[in-house]
file work.txt (compact mmCIF, N, CA and C atoms)
# COMPACT_ATOMS: atom_id res chain seq x y z
N MET X 208 10.87 62.02 -43.89
CA MET X 208 9.78 62.14 -44.82
C MET X 208 9.21 60.75 -45.08
N PRO X 209 7.90 60.58 -45.00
CA PRO X 209 7.27 59.28 -45.19
C PRO X 209 7.55 58.73 -46.58
N GLY X 210 7.78 57.45 -46.64
CA GLY X 210 8.00 56.79 -47.91
C GLY X 210 9.42 56.92 -48.38
N ALA X 211 10.30 57.58 -47.63
CA ALA X 211 11.69 57.72 -48.04
C ALA X 211 12.38 56.38 -47.95
N ARG X 212 13.48 56.28 -48.70
CA ARG X 212 14.24 55.05 -48.75
C ARG X 212 14.71 54.65 -47.33
N GLY X 213 14.56 53.32 -46.97
CA GLY X 213 14.99 52.84 -45.68
C GLY X 213 13.92 52.87 -44.61
N GLN X 214 12.83 53.55 -44.88
CA GLN X 214 11.76 53.59 -43.91
C GLN X 214 10.60 52.74 -44.41
N SER X 215 9.98 52.05 -43.50
CA SER X 215 8.85 51.21 -43.91
C SER X 215 7.56 51.92 -43.53
N LYS X 216 6.58 51.63 -44.32
CA LYS X 216 5.25 52.17 -44.05
C LYS X 216 4.43 51.09 -43.35
N VAL X 217 4.00 51.35 -42.16
CA VAL X 217 3.15 50.43 -41.43
C VAL X 217 1.85 51.17 -41.18
N THR X 218 0.80 50.54 -41.61
CA THR X 218 -0.49 51.17 -41.37
C THR X 218 -0.84 51.00 -39.90
N PRO X 219 -1.58 51.90 -39.33
CA PRO X 219 -1.91 51.83 -37.92
C PRO X 219 -2.72 50.60 -37.54
N VAL X 220 -3.34 49.91 -38.49
CA VAL X 220 -4.17 48.75 -38.18
C VAL X 220 -3.37 47.45 -38.21
N ALA X 221 -2.17 47.43 -38.73
CA ALA X 221 -1.39 46.19 -38.86
C ALA X 221 -1.04 45.60 -37.50
N GLY X 222 -0.65 46.39 -36.54
CA GLY X 222 -0.28 45.89 -35.20
C GLY X 222 -1.41 45.13 -34.53
N PRO X 223 -2.60 45.71 -34.43
CA PRO X 223 -3.71 44.98 -33.82
C PRO X 223 -4.10 43.73 -34.60
N ARG X 224 -3.97 43.76 -35.92
CA ARG X 224 -4.30 42.56 -36.73
C ARG X 224 -3.33 41.43 -36.43
N ILE X 225 -2.06 41.77 -36.30
CA ILE X 225 -1.06 40.75 -35.99
C ILE X 225 -1.33 40.18 -34.59
N ALA X 226 -1.60 41.05 -33.64
CA ALA X 226 -1.88 40.60 -32.28
C ALA X 226 -3.11 39.70 -32.24
N LEU X 227 -4.16 40.09 -32.96
CA LEU X 227 -5.37 39.28 -33.01
C LEU X 227 -5.09 37.93 -33.66
N GLY X 228 -4.30 37.92 -34.72
CA GLY X 228 -3.94 36.67 -35.39
C GLY X 228 -3.18 35.73 -34.46
N LEU X 229 -2.23 36.28 -33.69
CA LEU X 229 -1.49 35.47 -32.74
C LEU X 229 -2.39 34.95 -31.62
N LEU X 230 -3.32 35.77 -31.18
CA LEU X 230 -4.26 35.34 -30.15
C LEU X 230 -5.13 34.19 -30.65
N VAL X 231 -5.64 34.31 -31.86
CA VAL X 231 -6.48 33.26 -32.44
C VAL X 231 -5.66 31.98 -32.62
N ALA X 232 -4.42 32.10 -33.08
CA ALA X 232 -3.56 30.92 -33.26
C ALA X 232 -3.31 30.24 -31.91
N GLY X 233 -3.10 31.02 -30.87
CA GLY X 233 -2.89 30.45 -29.54
C GLY X 233 -4.11 29.71 -29.04
N TRP X 234 -5.28 30.29 -29.24
CA TRP X 234 -6.52 29.63 -28.82
C TRP X 234 -6.75 28.33 -29.60
N LEU X 235 -6.43 28.34 -30.89
CA LEU X 235 -6.58 27.12 -31.70
C LEU X 235 -5.62 26.03 -31.22
N ALA X 236 -4.40 26.41 -30.89
CA ALA X 236 -3.43 25.43 -30.38
C ALA X 236 -3.91 24.85 -29.05
N LEU X 237 -4.42 25.70 -28.18
CA LEU X 237 -4.94 25.24 -26.90
C LEU X 237 -6.12 24.28 -27.10
N ALA X 238 -7.05 24.65 -27.95
CA ALA X 238 -8.22 23.80 -28.20
C ALA X 238 -7.80 22.45 -28.79
N SER X 239 -6.85 22.47 -29.71
CA SER X 239 -6.37 21.21 -30.29
C SER X 239 -5.74 20.32 -29.23
N GLY X 240 -4.95 20.91 -28.36
CA GLY X 240 -4.32 20.14 -27.28
C GLY X 240 -5.35 19.53 -26.34
N LEU X 241 -6.39 20.28 -26.03
CA LEU X 241 -7.42 19.78 -25.14
C LEU X 241 -8.19 18.62 -25.78
N VAL X 242 -8.44 18.71 -27.08
CA VAL X 242 -9.14 17.62 -27.77
C VAL X 242 -8.29 16.35 -27.75
N VAL X 243 -6.99 16.50 -28.03
CA VAL X 243 -6.09 15.34 -28.01
C VAL X 243 -6.04 14.75 -26.61
N ASP X 244 -5.94 15.60 -25.60
CA ASP X 244 -5.86 15.14 -24.22
C ASP X 244 -7.15 14.43 -23.80
N ALA X 245 -8.29 14.95 -24.20
CA ALA X 245 -9.58 14.35 -23.82
C ALA X 245 -9.76 12.97 -24.45
N ARG X 246 -9.27 12.76 -25.65
CA ARG X 246 -9.41 11.46 -26.30
C ARG X 246 -8.61 10.38 -25.59
N ARG X 247 -7.55 10.77 -24.95
CA ARG X 247 -6.69 9.82 -24.27
C ARG X 247 -7.31 9.35 -22.96
N GLY X 248 -8.19 10.12 -22.39
CA GLY X 248 -8.81 9.75 -21.12
C GLY X 248 -7.89 10.06 -19.96
N SER X 249 -8.43 9.91 -18.78
CA SER X 249 -7.69 10.23 -17.57
C SER X 249 -7.27 8.96 -16.85
N PRO X 250 -6.11 8.99 -16.20
CA PRO X 250 -5.71 7.82 -15.41
C PRO X 250 -6.49 7.68 -14.12
N GLU X 251 -7.35 8.65 -13.81
CA GLU X 251 -8.13 8.58 -12.57
C GLU X 251 -8.98 7.31 -12.52
N ALA X 252 -9.57 6.94 -13.63
CA ALA X 252 -10.41 5.74 -13.66
C ALA X 252 -9.59 4.48 -13.33
N THR X 253 -8.35 4.44 -13.81
CA THR X 253 -7.48 3.30 -13.51
C THR X 253 -7.17 3.24 -12.02
N LEU X 254 -6.89 4.39 -11.41
CA LEU X 254 -6.63 4.43 -9.97
C LEU X 254 -7.84 3.98 -9.16
N ARG X 255 -9.00 4.49 -9.52
CA ARG X 255 -10.23 4.12 -8.80
C ARG X 255 -10.55 2.63 -8.97
N ALA X 256 -10.36 2.11 -10.18
CA ALA X 256 -10.61 0.69 -10.43
C ALA X 256 -9.63 -0.18 -9.64
N TYR X 257 -8.38 0.25 -9.57
CA TYR X 257 -7.38 -0.48 -8.80
C TYR X 257 -7.81 -0.59 -7.34
N LEU X 258 -8.22 0.53 -6.75
CA LEU X 258 -8.65 0.52 -5.35
C LEU X 258 -9.92 -0.33 -5.15
N ALA X 259 -10.85 -0.24 -6.09
CA ALA X 259 -12.07 -1.05 -6.01
C ALA X 259 -11.72 -2.55 -6.09
N ASP X 260 -10.76 -2.89 -6.95
CA ASP X 260 -10.33 -4.29 -7.05
C ASP X 260 -9.66 -4.75 -5.76
N LEU X 261 -8.89 -3.88 -5.13
CA LEU X 261 -8.29 -4.25 -3.84
C LEU X 261 -9.37 -4.52 -2.80
N GLU X 262 -10.33 -3.62 -2.70
CA GLU X 262 -11.40 -3.79 -1.71
C GLU X 262 -12.19 -5.06 -1.95
N ALA X 263 -12.41 -5.41 -3.21
CA ALA X 263 -13.17 -6.61 -3.55
C ALA X 263 -12.30 -7.86 -3.52
N ARG X 264 -11.04 -7.70 -3.15
CA ARG X 264 -10.07 -8.79 -3.06
C ARG X 264 -9.88 -9.50 -4.39
N ARG X 265 -9.91 -8.70 -5.45
CA ARG X 265 -9.60 -9.21 -6.80
C ARG X 265 -8.13 -8.88 -7.08
N THR X 266 -7.26 -9.68 -6.50
CA THR X 266 -5.83 -9.42 -6.56
C THR X 266 -5.31 -9.37 -7.99
N GLU X 267 -5.72 -10.32 -8.81
CA GLU X 267 -5.21 -10.37 -10.19
C GLU X 267 -5.66 -9.14 -11.00
N ALA X 268 -6.88 -8.69 -10.75
CA ALA X 268 -7.37 -7.49 -11.45
C ALA X 268 -6.59 -6.26 -10.99
N ALA X 269 -6.30 -6.18 -9.69
CA ALA X 269 -5.49 -5.06 -9.19
C ALA X 269 -4.09 -5.10 -9.78
N LEU X 270 -3.51 -6.28 -9.85
CA LEU X 270 -2.18 -6.41 -10.44
C LEU X 270 -2.18 -6.03 -11.92
N ALA X 271 -3.29 -6.27 -12.61
CA ALA X 271 -3.38 -5.94 -14.03
C ALA X 271 -3.34 -4.43 -14.28
N ALA X 272 -3.63 -3.65 -13.26
CA ALA X 272 -3.56 -2.19 -13.41
C ALA X 272 -2.12 -1.69 -13.39
N LEU X 273 -1.21 -2.55 -12.97
CA LEU X 273 0.20 -2.18 -12.89
C LEU X 273 0.95 -2.59 -14.15
N ALA X 274 2.06 -1.91 -14.40
CA ALA X 274 2.97 -2.35 -15.45
C ALA X 274 3.46 -3.75 -15.08
N PRO X 275 3.72 -4.62 -16.05
CA PRO X 275 4.08 -6.01 -15.74
C PRO X 275 5.25 -6.16 -14.76
N ASP X 276 6.31 -5.38 -14.92
CA ASP X 276 7.45 -5.52 -14.00
C ASP X 276 7.08 -5.05 -12.59
N ALA X 277 6.22 -4.04 -12.50
CA ALA X 277 5.77 -3.56 -11.19
C ALA X 277 4.86 -4.60 -10.52
N ALA X 278 4.02 -5.25 -11.32
CA ALA X 278 3.11 -6.26 -10.76
C ALA X 278 3.89 -7.39 -10.11
N ALA X 279 4.94 -7.84 -10.75
CA ALA X 279 5.74 -8.92 -10.18
C ALA X 279 6.43 -8.47 -8.89
N ARG X 280 6.94 -7.26 -8.90
CA ARG X 280 7.68 -6.76 -7.75
C ARG X 280 6.79 -6.50 -6.53
N TRP X 281 5.55 -6.03 -6.77
CA TRP X 281 4.69 -5.56 -5.68
C TRP X 281 3.57 -6.53 -5.32
N ARG X 282 3.60 -7.75 -5.78
CA ARG X 282 2.51 -8.71 -5.51
C ARG X 282 2.24 -8.87 -4.01
N ASP X 283 3.26 -9.10 -3.21
CA ASP X 283 3.05 -9.29 -1.77
C ASP X 283 2.43 -8.06 -1.13
N PHE X 284 2.89 -6.89 -1.53
CA PHE X 284 2.36 -5.64 -1.00
C PHE X 284 0.87 -5.52 -1.31
N ILE X 285 0.49 -5.84 -2.54
CA ILE X 285 -0.92 -5.74 -2.96
C ILE X 285 -1.77 -6.77 -2.23
N GLU X 286 -1.26 -7.97 -2.05
CA GLU X 286 -2.02 -8.97 -1.32
C GLU X 286 -2.26 -8.53 0.12
N PHE X 287 -1.33 -7.83 0.72
CA PHE X 287 -1.50 -7.32 2.07
C PHE X 287 -2.48 -6.14 2.10
N GLN X 288 -2.42 -5.28 1.11
CA GLN X 288 -3.26 -4.08 1.06
C GLN X 288 -4.73 -4.38 0.77
N GLN X 289 -5.04 -5.53 0.23
CA GLN X 289 -6.41 -5.81 -0.18
C GLN X 289 -7.39 -5.91 0.98
N PHE X 290 -6.92 -5.94 2.19
CA PHE X 290 -7.83 -6.01 3.33
C PHE X 290 -8.26 -4.64 3.83
N ASN X 291 -7.65 -3.59 3.29
CA ASN X 291 -8.02 -2.22 3.66
C ASN X 291 -9.24 -1.76 2.87
N ARG X 292 -9.87 -0.73 3.37
CA ARG X 292 -10.97 -0.07 2.66
C ARG X 292 -10.48 1.33 2.29
N TYR X 293 -10.83 1.77 1.09
CA TYR X 293 -10.34 3.04 0.57
C TYR X 293 -11.51 3.94 0.17
N ARG X 294 -11.44 5.19 0.58
CA ARG X 294 -12.41 6.19 0.11
C ARG X 294 -11.59 7.32 -0.49
N VAL X 295 -11.72 7.47 -1.80
CA VAL X 295 -10.94 8.48 -2.51
C VAL X 295 -11.44 9.87 -2.14
N VAL X 296 -10.53 10.72 -1.71
CA VAL X 296 -10.84 12.10 -1.40
C VAL X 296 -10.59 12.96 -2.63
N SER X 297 -9.43 12.76 -3.26
CA SER X 297 -9.13 13.52 -4.48
C SER X 297 -8.04 12.82 -5.28
N VAL X 298 -8.05 13.14 -6.56
CA VAL X 298 -7.01 12.68 -7.48
C VAL X 298 -6.61 13.89 -8.31
N ALA X 299 -5.33 14.20 -8.30
CA ALA X 299 -4.79 15.29 -9.11
C ALA X 299 -3.76 14.71 -10.06
N VAL X 300 -3.93 14.99 -11.33
CA VAL X 300 -3.05 14.43 -12.35
C VAL X 300 -2.08 15.50 -12.83
N ARG X 301 -0.80 15.13 -12.94
CA ARG X 301 0.22 16.07 -13.41
C ARG X 301 0.71 15.66 -14.79
N SER X 302 0.77 16.64 -15.67
CA SER X 302 1.35 16.46 -17.00
C SER X 302 2.44 17.49 -17.17
N PRO X 303 3.47 17.18 -17.94
CA PRO X 303 4.47 18.20 -18.20
C PRO X 303 3.88 19.29 -19.08
N SER X 304 4.46 20.46 -19.01
CA SER X 304 4.00 21.54 -19.89
C SER X 304 4.36 21.18 -21.32
N LEU X 305 3.72 21.83 -22.26
CA LEU X 305 4.01 21.59 -23.67
C LEU X 305 5.48 21.91 -23.96
N LEU X 306 5.98 23.00 -23.39
CA LEU X 306 7.38 23.37 -23.58
C LEU X 306 8.31 22.31 -23.00
N GLU X 307 7.99 21.82 -21.80
CA GLU X 307 8.78 20.76 -21.17
C GLU X 307 8.77 19.50 -22.02
N SER X 308 7.63 19.17 -22.60
CA SER X 308 7.54 18.00 -23.47
C SER X 308 8.47 18.12 -24.66
N PHE X 309 8.49 19.30 -25.29
CA PHE X 309 9.34 19.51 -26.46
C PHE X 309 10.82 19.51 -26.08
N THR X 310 11.18 20.22 -25.02
CA THR X 310 12.60 20.36 -24.69
C THR X 310 13.19 19.08 -24.10
N GLN X 311 12.39 18.29 -23.40
CA GLN X 311 12.90 17.07 -22.79
C GLN X 311 12.50 15.81 -23.58
N HIS X 312 11.91 16.01 -24.74
CA HIS X 312 11.51 14.90 -25.62
C HIS X 312 10.65 13.88 -24.87
N ARG X 313 9.67 14.40 -24.13
CA ARG X 313 8.73 13.56 -23.39
C ARG X 313 7.35 13.70 -24.01
N ALA X 314 6.58 12.66 -23.89
CA ALA X 314 5.21 12.71 -24.41
C ALA X 314 4.40 13.72 -23.60
N TRP X 315 3.47 14.37 -24.27
CA TRP X 315 2.61 15.35 -23.60
C TRP X 315 1.39 14.63 -23.07
N ARG X 316 1.56 13.99 -21.92
CA ARG X 316 0.48 13.28 -21.26
C ARG X 316 0.81 13.18 -19.78
N ALA X 317 -0.14 12.69 -19.02
CA ALA X 317 0.06 12.58 -17.56
C ALA X 317 1.25 11.69 -17.26
N THR X 318 2.02 12.10 -16.25
CA THR X 318 3.17 11.31 -15.84
C THR X 318 3.03 10.81 -14.40
N GLU X 319 2.14 11.45 -13.65
CA GLU X 319 1.92 11.02 -12.28
C GLU X 319 0.58 11.54 -11.78
N ALA X 320 0.09 10.88 -10.75
CA ALA X 320 -1.16 11.30 -10.12
C ALA X 320 -0.95 11.33 -8.61
N THR X 321 -1.50 12.34 -7.99
CA THR X 321 -1.48 12.42 -6.53
C THR X 321 -2.84 11.97 -6.04
N LEU X 322 -2.85 10.94 -5.24
CA LEU X 322 -4.07 10.35 -4.71
C LEU X 322 -4.14 10.65 -3.22
N VAL X 323 -5.27 11.17 -2.79
CA VAL X 323 -5.55 11.36 -1.37
C VAL X 323 -6.75 10.48 -1.05
N ALA X 324 -6.60 9.63 -0.03
CA ALA X 324 -7.67 8.69 0.30
C ALA X 324 -7.74 8.48 1.81
N ASP X 325 -8.95 8.21 2.26
CA ASP X 325 -9.15 7.79 3.65
C ASP X 325 -9.07 6.26 3.66
N ILE X 326 -8.21 5.73 4.50
CA ILE X 326 -7.97 4.29 4.54
C ILE X 326 -8.43 3.74 5.88
N SER X 327 -9.18 2.64 5.81
CA SER X 327 -9.61 1.93 7.02
C SER X 327 -8.94 0.57 7.00
N GLU X 328 -8.14 0.30 8.02
CA GLU X 328 -7.46 -0.99 8.13
C GLU X 328 -8.37 -1.99 8.83
N PRO X 329 -8.13 -3.29 8.64
CA PRO X 329 -8.97 -4.31 9.29
C PRO X 329 -8.98 -4.18 10.81
N SER X 330 -7.92 -3.61 11.38
CA SER X 330 -7.85 -3.46 12.84
C SER X 330 -8.76 -2.35 13.35
N GLY X 331 -9.32 -1.58 12.43
CA GLY X 331 -10.18 -0.47 12.83
C GLY X 331 -9.48 0.88 12.79
N ILE X 332 -8.18 0.88 12.61
CA ILE X 332 -7.44 2.14 12.49
C ILE X 332 -7.81 2.82 11.18
N GLU X 333 -8.09 4.11 11.28
CA GLU X 333 -8.42 4.89 10.08
C GLU X 333 -7.42 6.03 9.97
N TRP X 334 -7.01 6.32 8.75
CA TRP X 334 -6.09 7.40 8.51
C TRP X 334 -6.27 7.95 7.10
N ARG X 335 -5.79 9.15 6.90
CA ARG X 335 -5.82 9.77 5.57
C ARG X 335 -4.40 9.77 5.04
N GLY X 336 -4.26 9.26 3.85
CA GLY X 336 -2.93 9.20 3.24
C GLY X 336 -2.94 9.86 1.87
N SER X 337 -1.76 10.31 1.50
CA SER X 337 -1.59 10.83 0.14
C SER X 337 -0.36 10.16 -0.45
N THR X 338 -0.40 9.95 -1.74
CA THR X 338 0.68 9.26 -2.42
C THR X 338 0.77 9.78 -3.84
N VAL X 339 1.97 9.80 -4.35
CA VAL X 339 2.20 10.16 -5.75
C VAL X 339 2.46 8.87 -6.50
N VAL X 340 1.67 8.65 -7.54
CA VAL X 340 1.76 7.40 -8.31
C VAL X 340 2.28 7.72 -9.70
N PRO X 341 3.44 7.18 -10.07
CA PRO X 341 3.92 7.38 -11.44
C PRO X 341 3.08 6.56 -12.42
N LEU X 342 2.83 7.14 -13.59
CA LEU X 342 1.94 6.54 -14.59
C LEU X 342 2.62 6.44 -15.95
N ASP X 343 2.05 5.57 -16.77
CA ASP X 343 2.46 5.52 -18.17
C ASP X 343 1.23 5.13 -18.99
N PHE X 344 1.25 5.50 -20.24
CA PHE X 344 0.17 5.16 -21.17
C PHE X 344 0.74 4.14 -22.15
N VAL X 345 0.34 2.87 -22.00
CA VAL X 345 0.93 1.78 -22.76
C VAL X 345 -0.17 1.03 -23.50
N ASP X 346 0.01 0.85 -24.78
CA ASP X 346 -0.94 0.08 -25.61
C ASP X 346 -2.38 0.56 -25.43
N GLY X 347 -2.55 1.86 -25.37
CA GLY X 347 -3.89 2.43 -25.31
C GLY X 347 -4.55 2.41 -23.94
N ARG X 348 -3.78 2.13 -22.89
CA ARG X 348 -4.37 2.14 -21.55
C ARG X 348 -3.36 2.68 -20.54
N TRP X 349 -3.89 3.23 -19.46
CA TRP X 349 -3.05 3.75 -18.39
C TRP X 349 -2.60 2.61 -17.50
N VAL X 350 -1.33 2.62 -17.10
CA VAL X 350 -0.82 1.64 -16.15
C VAL X 350 -0.10 2.40 -15.03
N LEU X 351 -0.15 1.81 -13.85
CA LEU X 351 0.53 2.35 -12.70
C LEU X 351 1.93 1.77 -12.66
N LEU X 352 2.93 2.60 -12.48
CA LEU X 352 4.30 2.11 -12.42
C LEU X 352 4.70 1.67 -11.01
N ARG X 353 3.86 2.04 -10.05
CA ARG X 353 4.04 1.65 -8.66
C ARG X 353 2.66 1.72 -8.00
N PRO X 354 2.34 0.81 -7.11
CA PRO X 354 1.02 0.87 -6.45
C PRO X 354 0.91 2.11 -5.55
N PRO X 355 -0.28 2.62 -5.40
CA PRO X 355 -0.48 3.71 -4.44
C PRO X 355 -0.02 3.28 -3.04
N PHE X 356 0.60 4.20 -2.32
CA PHE X 356 1.05 4.03 -0.95
C PHE X 356 2.25 3.09 -0.80
N ALA X 357 2.83 2.68 -1.90
CA ALA X 357 4.05 1.87 -1.85
C ALA X 357 5.26 2.80 -1.91
N THR X 358 6.31 2.44 -1.20
CA THR X 358 7.52 3.27 -1.22
C THR X 358 8.72 2.50 -1.69

call {"tool": "encode", "arguments": {"input": "work.txt", "output": "C-alpha cells"}}
result
Amino acid sequence: MPGARGQSKVTPVAGPRIALGLLVAGWLALASGLVVDARRGSPEATLRAYLADLEARRTEAALAALAPDAAARWRDFIEFQQFNRYRVVSVAVRSPSLLESFTQHRAWRATEATLVADISEPSGIEWRGSTVVPLDFVDGRWVLLRPPFAT
C-alpha cells in the first residue's frame, strides 16, 4: 500500500530531474576545465619556436626552450641539429585524464607532445621523423625536458 511504513514515495519526475542535474553538473565541470586549460596555453608554440630558433641558428634561444638541466646536457646535440631544416607536419599534445591526475597526484596539464616533422639535412637527405617530447610547465611557461629527436 502506498505511503506505508518503510516505503518511500518517489514522484515519477524525480528521476529525470536528477539525471538532468547530473548532466548539467558534468557539462559545467567540463567547461570549467576547458577554460583553465585554455588560459595555460599550448606547448605547441614552444616546440615551433624551438625549431625556428634552430633553423635560424639561434642556439641560445633554442637552449632557453629547454629546462636548465636539459639545456646543459644537450648543448652539443642542439649545436649539431641547428643545420637542419624543419617543417612541422603535426603536433599532438597528451595530458593525463582528470581521474589520472587525481589518483596519481599529477597536475592536470600536458605532459608530452608528439612532434612529426619533415627534416632536411645539410647533405640534402630528407626524412620524416616523429618524436615524443616530455614537457613541463615551469614559472608560467612551457619547457622541453628533452630536445625533439634526442634519445

call {"tool": "residues_around", "arguments": {"input": "work.txt", "residues": "Gly336 (chain X)", "least_positions_apart": "2", "cutoff": "5 Å", "atoms": "all atoms listed in the file", "output": "PyMOL selection string"}}
result
chain X and resi 323-324+334+338

call {"tool": "atom_distance", "arguments": {"input": "work.txt", "atom1": "CA of Leu322 (chain X)", "atom2": "CA of Ser337 (chain X)"}}
result
5.5 Å

call {"tool": "residues_around", "arguments": {"input": "work.txt", "residues": "region 283-286 of chain X", "least_positions_apart": "5", "cutoff": "8 Å", "atoms": "all atoms listed in the file", "output": "list in words"}}
result
Leu261, Thr266, Ala269, Leu270, Ala278, Asn291, Pro354 and Ala357 of chain X

call {"tool": "atom_distance", "arguments": {"input": "work.txt", "atom1": "CA of Phe287 (chain X)", "atom2": "CA of Tyr257 (chain X)"}}
result
14.1 Å

call {"tool": "residues_around", "arguments": {"input": "work.txt", "residues": "region 343-349 of chain X", "least_positions_apart": "5", "cutoff": "8 Å", "atoms": "only N, CA and C atoms", "output": "PDB file with N, CA and C atoms, in the coordinates of the input"}}
result
ATOM      1  N   ARG X 247      -7.550  10.770 -24.950  1.00  0.00           N
ATOM      2  CA  ARG X 247      -6.690   9.820 -24.270  1.00  0.00           C
ATOM      3  C   ARG X 247      -7.310   9.350 -22.960  1.00  0.00           C
ATOM      4  N   GLY X 248      -8.190  10.120 -22.390  1.00  0.00           N
ATOM      5  CA  GLY X 248      -8.810   9.750 -21.120  1.00  0.00           C
ATOM      6  C   GLY X 248      -7.890  10.060 -19.960  1.00  0.00           C
ATOM      7  N   SER X 249      -8.430   9.910 -18.780  1.00  0.00           N
ATOM      8  CA  SER X 249      -7.690  10.230 -17.570  1.00  0.00           C
ATOM      9  C   SER X 249      -7.270   8.960 -16.850  1.00  0.00           C
ATOM     10  N   PRO X 250      -6.110   8.990 -16.200  1.00  0.00           N
ATOM     11  CA  PRO X 250      -5.710   7.820 -15.410  1.00  0.00           C
ATOM     12  C   PRO X 250      -6.490   7.680 -14.120  1.00  0.00           C
ATOM     13  N   GLU X 251      -7.350   8.650 -13.810  1.00  0.00           N
ATOM     14  CA  GLU X 251      -8.130   8.580 -12.570  1.00  0.00           C
ATOM     15  C   GLU X 251      -8.980   7.310 -12.520  1.00  0.00           C
ATOM     16  N   THR X 253      -8.350   4.440 -13.810  1.00  0.00           N
ATOM     17  CA  THR X 253      -7.480   3.300 -13.510  1.00  0.00           C
ATOM     18  C   THR X 253      -7.170   3.240 -12.020  1.00  0.00           C
ATOM     19  N   LEU X 254      -6.890   4.390 -11.410  1.00  0.00           N
ATOM     20  CA  LEU X 254      -6.630   4.430  -9.970  1.00  0.00           C
ATOM     21  C   LEU X 254      -7.840   3.980  -9.160  1.00  0.00           C
ATOM     22  N   ALA X 271      -3.290  -6.270 -12.610  1.00  0.00           N
ATOM     23  CA  ALA X 271      -3.380  -5.940 -14.030  1.00  0.00           C
ATOM     24  C   ALA X 271      -3.340  -4.430 -14.280  1.00  0.00           C
ATOM     25  N   ALA X 272      -3.630  -3.650 -13.260  1.00  0.00           N
ATOM     26  CA  ALA X 272      -3.560  -2.190 -13.410  1.00  0.00           C
ATOM     27  C   ALA X 272      -2.120  -1.690 -13.390  1.00  0.00           C
ATOM     28  N   LEU X 273      -1.210  -2.550 -12.970  1.00  0.00           N
ATOM     29  CA  LEU X 273       0.200  -2.180 -12.890  1.00  0.00           C
ATOM     30  C   LEU X 273       0.950  -2.590 -14.150  1.00  0.00           C
ATOM     31  N   ALA X 274       2.060  -1.910 -14.400  1.00  0.00           N
ATOM     32  CA  ALA X 274       2.970  -2.350 -15.450  1.00  0.00           C
ATOM     33  C   ALA X 274       3.460  -3.750 -15.080  1.00  0.00           C
ATOM     34  N   ARG X 316       1.560  13.990 -21.920  1.00  0.00           N
ATOM     35  CA  ARG X 316       0.480  13.280 -21.260  1.00  0.00           C
ATOM     36  C   ARG X 316       0.810  13.180 -19.780  1.00  0.00           C
ATOM     37  N   ALA X 317      -0.140  12.690 -19.020  1.00  0.00           N
ATOM     38  CA  ALA X 317       0.060  12.580 -17.560  1.00  0.00           C
ATOM     39  C   ALA X 317       1.250  11.690 -17.260  1.00  0.00           C
ATOM     40  N   THR X 318       2.020  12.100 -16.250  1.00  0.00           N
ATOM     41  CA  THR X 318       3.170  11.310 -15.840  1.00  0.00           C
ATOM     42  C   THR X 318       3.030  10.810 -14.400  1.00  0.00           C
ATOM     43  N   GLU X 319       2.140  11.450 -13.650  1.00  0.00           N
ATOM     44  CA  GLU X 319       1.920  11.020 -12.280  1.00  0.00           C
ATOM     45  C   GLU X 319       0.580  11.540 -11.780  1.00  0.00           C
TER      46      GLU X 319
END

call {"tool": "select_by_dssp", "arguments": {"input": "work.txt", "residues": "region 261-356 of chain X", "states": "alpha helix (DSSP H)", "output": "ChimeraX atom specification"}}
result
/X:261-262,266-271,275-288,305-310

call {"tool": "select_by_dssp", "arguments": {"input": "work.txt", "residues": "region 235-330 of chain X", "states": "strand (DSSP E)", "output": "short mmCIF file (atom, residue, chain, number, x, y, z; two decimals) with N, CA and C atoms, keeping the file's coordinate frame"}}
result
data_model
loop_
_atom_site.label_atom_id
_atom_site.label_comp_id
_atom_site.auth_asym_id
_atom_site.auth_seq_id
_atom_site.Cartn_x
_atom_site.Cartn_y
_atom_site.Cartn_z
N ARG X 292 -9.87 -0.73 3.37
CA ARG X 292 -10.97 -0.07 2.66
C ARG X 292 -10.48 1.33 2.29
N TYR X 293 -10.83 1.77 1.09
CA TYR X 293 -10.34 3.04 0.57
C TYR X 293 -11.51 3.94 0.17
N ARG X 294 -11.44 5.19 0.58
CA ARG X 294 -12.41 6.19 0.11
C ARG X 294 -11.59 7.32 -0.49
N VAL X 295 -11.72 7.47 -1.80
CA VAL X 295 -10.94 8.48 -2.51
C VAL X 295 -11.44 9.87 -2.14
N VAL X 296 -10.53 10.72 -1.71
CA VAL X 296 -10.84 12.10 -1.40
C VAL X 296 -10.59 12.96 -2.63
N SER X 297 -9.43 12.76 -3.26
CA SER X 297 -9.13 13.52 -4.48
C SER X 297 -8.04 12.82 -5.28
N VAL X 298 -8.05 13.14 -6.56
CA VAL X 298 -7.01 12.68 -7.48
C VAL X 298 -6.61 13.89 -8.31
N ALA X 299 -5.33 14.20 -8.30
CA ALA X 299 -4.79 15.29 -9.11
C ALA X 299 -3.76 14.71 -10.06
N VAL X 300 -3.93 14.99 -11.33
CA VAL X 300 -3.05 14.43 -12.35
C VAL X 300 -2.08 15.50 -12.83
N ARG X 301 -0.80 15.13 -12.94
CA ARG X 301 0.22 16.07 -13.41
C ARG X 301 0.71 15.66 -14.79
N GLU X 319 2.14 11.45 -13.65
CA GLU X 319 1.92 11.02 -12.28
C GLU X 319 0.58 11.54 -11.78
N ALA X 320 0.09 10.88 -10.75
CA ALA X 320 -1.16 11.30 -10.12
C ALA X 320 -0.95 11.33 -8.61
N THR X 321 -1.50 12.34 -7.99
CA THR X 321 -1.48 12.42 -6.53
C THR X 321 -2.84 11.97 -6.04
N LEU X 322 -2.85 10.94 -5.24
CA LEU X 322 -4.07 10.35 -4.71
C LEU X 322 -4.14 10.65 -3.22
N VAL X 323 -5.27 11.17 -2.79
CA VAL X 323 -5.55 11.36 -1.37
C VAL X 323 -6.75 10.48 -1.05
N ALA X 324 -6.60 9.63 -0.03
CA ALA X 324 -7.67 8.69 0.30
C ALA X 324 -7.74 8.48 1.81
N ASP X 325 -8.95 8.21 2.26
CA ASP X 325 -9.15 7.79 3.65
C ASP X 325 -9.07 6.26 3.66
N ILE X 326 -8.21 5.73 4.50
CA ILE X 326 -7.97 4.29 4.54
C ILE X 326 -8.43 3.74 5.88
N SER X 327 -9.18 2.64 5.81
CA SER X 327 -9.61 1.93 7.02
C SER X 327 -8.94 0.57 7.00
#

call {"tool": "axis_aligned_box", "arguments": {"input": "work.txt", "around": "region 322-327 of chain X", "padding_each_side": "8 Å", "output": "lines of an AutoDock Vina configuration file"}}
result
center_x = -6.2
center_y = 6.0
center_z = 0.9
size_x = 22.8
size_y = 26.8
size_z = 28.3
